[in-house]
Amino acid sequence: MKRRTFIKLSAISAAGIVLPLQLEAQVADVPLLRPRTLITPNEEFYILQIDDPEVINAANWQLAITGLVEKPGTSFRLEDIKAMESIETMRTLKCIGDPIGTEQMGNAEWKGARLRDLLQKVGVKDEAKVVVFRCADGYHTAIPLEDAMHENTLLAYEMNGEPLPTDHGFPVRLLNPGHYGTKNPKWIVNIQLAEKHESYWEKRGWDPIANVKLATVIGTPSAEEEIIAGSTYFVSGAAFDAGHHGGIKKVEVSVDYGETWEETEIWAKDTPLAWVLWKWKWQVPKKKGPVEVYARATTNSGVTQDEFGIQVKPVDILGYHTVDAKIVDP
Ligand SMILES: Nc1nc2c(c(=O)[nH]1)N[C@H]1C(S)=C(S)[C@@H](COP(=O)(O)O)O[C@H]1N2
Ligand SMILES: [Mo]
């Protein structure tokens, strides 16, 4: 085959497999946006845990389901879980410790089995109220049985088309929609049905429910960034409501201390369980000096972020993210 033809053909077959049009639309055409891609590459995905990552050999790993179950002693190997009906889905993870900021949030395409399919195989007793996850690193956390039985609650074993990386919980981690990272345990070794449980972070004062709060984060500019006077600049970032308010409807930016707001372009999105990425083309004033950039989101349910800071009522919304930057001479 001639090289030219080959190139053409591979473009076509790629079209069939990875939907390049859609993918292209979800990689920024303007440089320097942050985030720059709807899907965070595995190498760039934030990593957060209480200790070093656990390296688990799948050949020796079995997931036991214990406690208030009809068939105690049942366990699953990775192959068993992979043989079950699989779901592929895009999900954003966000850390409760960084509620407004941008650093501890990432979005990936995951593949896994429904947790409820495993629970149904072992049979859950009526007294069971929570599902406890114990992890190889000593981390443990519980979620209400109702959440565990939700069709979107998955035991994920692939991330962006690769086996779940060690840093992200190999061989399986929980994906618990609508909840902060604390409720998405990695390196799970045991699942226990119980009446109640006090989780690792709850013992240390963190929210036991851990519902993700509506937040809009500014990726560009970064703090103290120098923006050239008179230039064209892209303010950009992400917004996420984890589905609690019907998804993000619009994102606005203010560069005049909230006096006026400009609607941004949402240039990449998926379902409300994934972040939306936005950008706004700013004709930077010629005048030098400090500038504060604010961003706020409005949800499909009609809620708009309208205050500063973290302690905002109603409790499921966070205040604006603001970034202090500088307009400087070229
Ligand atoms: N086993 C285990 N799972 C864990 C944690 C942990 O310390 N140990 N940390 C949680 C927290 S606080 C977050 S934010 C997410 C981060 O997931 P990631 O490292 O894949 O981004 O993992 C969660 N799952
Ligand atoms: Mo976290």
# chains A, B, ... in the order shown; residues from 1 in each chain; ligands from 1
$ residues_near_ligand --ligand "ligand 2" --cutoff "7 Å" --atoms "only C-alpha atoms and all ligand atoms" --output "number ranges by chain"
A: 48, 94-97, 180-182
$ residues_around --residues "range 287-295 of chain A" --least-positions-apart "4" --cutoff "7 Å" --atoms "only C-alpha atoms" --output "PDB file with C-alpha atoms, in the first residue's frame"
ATOM      1  CA  THR A 216     -16.397  26.706  39.448  1.00  0.00           C
ATOM      2  CA  ILE A 218     -10.373  29.057  37.318  1.00  0.00           C
ATOM      3  CA  ALA A 229      -1.782  44.791  28.697  1.00  0.00           C
ATOM      4  CA  VAL A 251     -20.431  29.857  33.493  1.00  0.00           C
ATOM      5  CA  GLU A 252     -19.695  33.567  33.780  1.00  0.00           C
ATOM      6  CA  VAL A 253     -16.538  35.512  34.476  1.00  0.00           C
ATOM      7  CA  SER A 254     -16.029  38.917  36.053  1.00  0.00           C
ATOM      8  CA  VAL A 255     -12.869  41.024  35.877  1.00  0.00           C
ATOM      9  CA  TYR A 257     -14.980  42.730  41.172  1.00  0.00           C
ATOM     10  CA  TYR A 320     -16.614  31.962  43.772  1.00  0.00           C
ATOM     11  CA  HIS A 321     -13.122  30.979  43.013  1.00  0.00           C
ATOM     12  CA  THR A 322     -11.081  34.142  42.592  1.00  0.00           C
ATOM     13  CA  VAL A 323      -7.606  34.582  41.191  1.00  0.00           C
ATOM     14  CA  ASP A 324      -5.378  37.610  41.680  1.00  0.00           C
ATOM     15  CA  ALA A 325      -3.351  38.384  38.588  1.00  0.00           C
ATOM     16  CA  LYS A 326      -1.508  41.394  37.196  1.00  0.00           C
ATOM     17  CA  ILE A 327      -1.801  43.309  33.985  1.00  0.00           C
ATOM     18  CA  VAL A 328       1.723  44.266  32.946  1.00  0.00           C
ATOM     19  CA  ASP A 329       3.539  46.012  30.117  1.00  0.00           C
TER      20      ASP A 329
END
$ closest_atom_pairs --of "chain A" --to "ligand 1" --cutoff "7 Å" --atoms "only C-alpha atoms and all ligand atoms" --output "CSV"
residue,atom,partner,partner_atom_place_in_ligand_line,distance
A:Phe45,CA,ligand 1,21 (O),6.1
A:Tyr46,CA,ligand 1,21 (O),4.6
A:Ile47,CA,ligand 1,19 (O),3.3
A:Leu48,CA,ligand 1,19 (O),4.1
A:Gln49,CA,ligand 1,7 (O),3.0
A:Ile50,CA,ligand 1,7 (O),3.9
A:Asp51,CA,ligand 1,7 (O),6.4
A:Leu93,CA,ligand 1,21 (O),6.6
A:Lys94,CA,ligand 1,14 (S),5.9
A:Cys95,CA,ligand 1,14 (S),3.7
A:Ile96,CA,ligand 1,14 (S),6.5
A:Gln104,CA,ligand 1,14 (S),7.0
A:Cys135,CA,ligand 1,1 (N),4.7
A:Ala136,CA,ligand 1,1 (N),6.4
A:Asp137,CA,ligand 1,1 (N),5.6
A:Gly138,CA,ligand 1,1 (N),6.9
A:Tyr139,CA,ligand 1,8 (N),4.8
A:His140,CA,ligand 1,1 (N),6.9
A:Asp167,CA,ligand 1,19 (O),6.2
A:His168,CA,ligand 1,20 (O),3.8
A:Gly169,CA,ligand 1,20 (O),6.7
A:Tyr180,CA,ligand 1,14 (S),6.6
A:Gly181,CA,ligand 1,14 (S),3.6
A:Thr182,CA,ligand 1,12 (S),4.1
A:Lys183,CA,ligand 1,23 (C),6.5
A:Asn184,CA,ligand 1,24 (N),5.0
A:Pro185,CA,ligand 1,24 (N),3.6
A:Lys186,CA,ligand 1,3 (N),3.8
A:Trp187,CA,ligand 1,1 (N),5.3
A:Ile188,CA,ligand 1,1 (N),6.6
$ select_by_dssp --residues "range 198-293 of chain A" --states "strand (DSSP E or B)" --output "ChimeraX atom specification"
/A:211,214-220,226-228,232-240,248-254,262-263,265-268,276-283,289-293
$ closest_residue --among "A:Arg91, A:His150, A:Lys121, A:Arg34" --to "Thr74 in chain A" --atoms "only C-alpha atoms"
A:Lys121
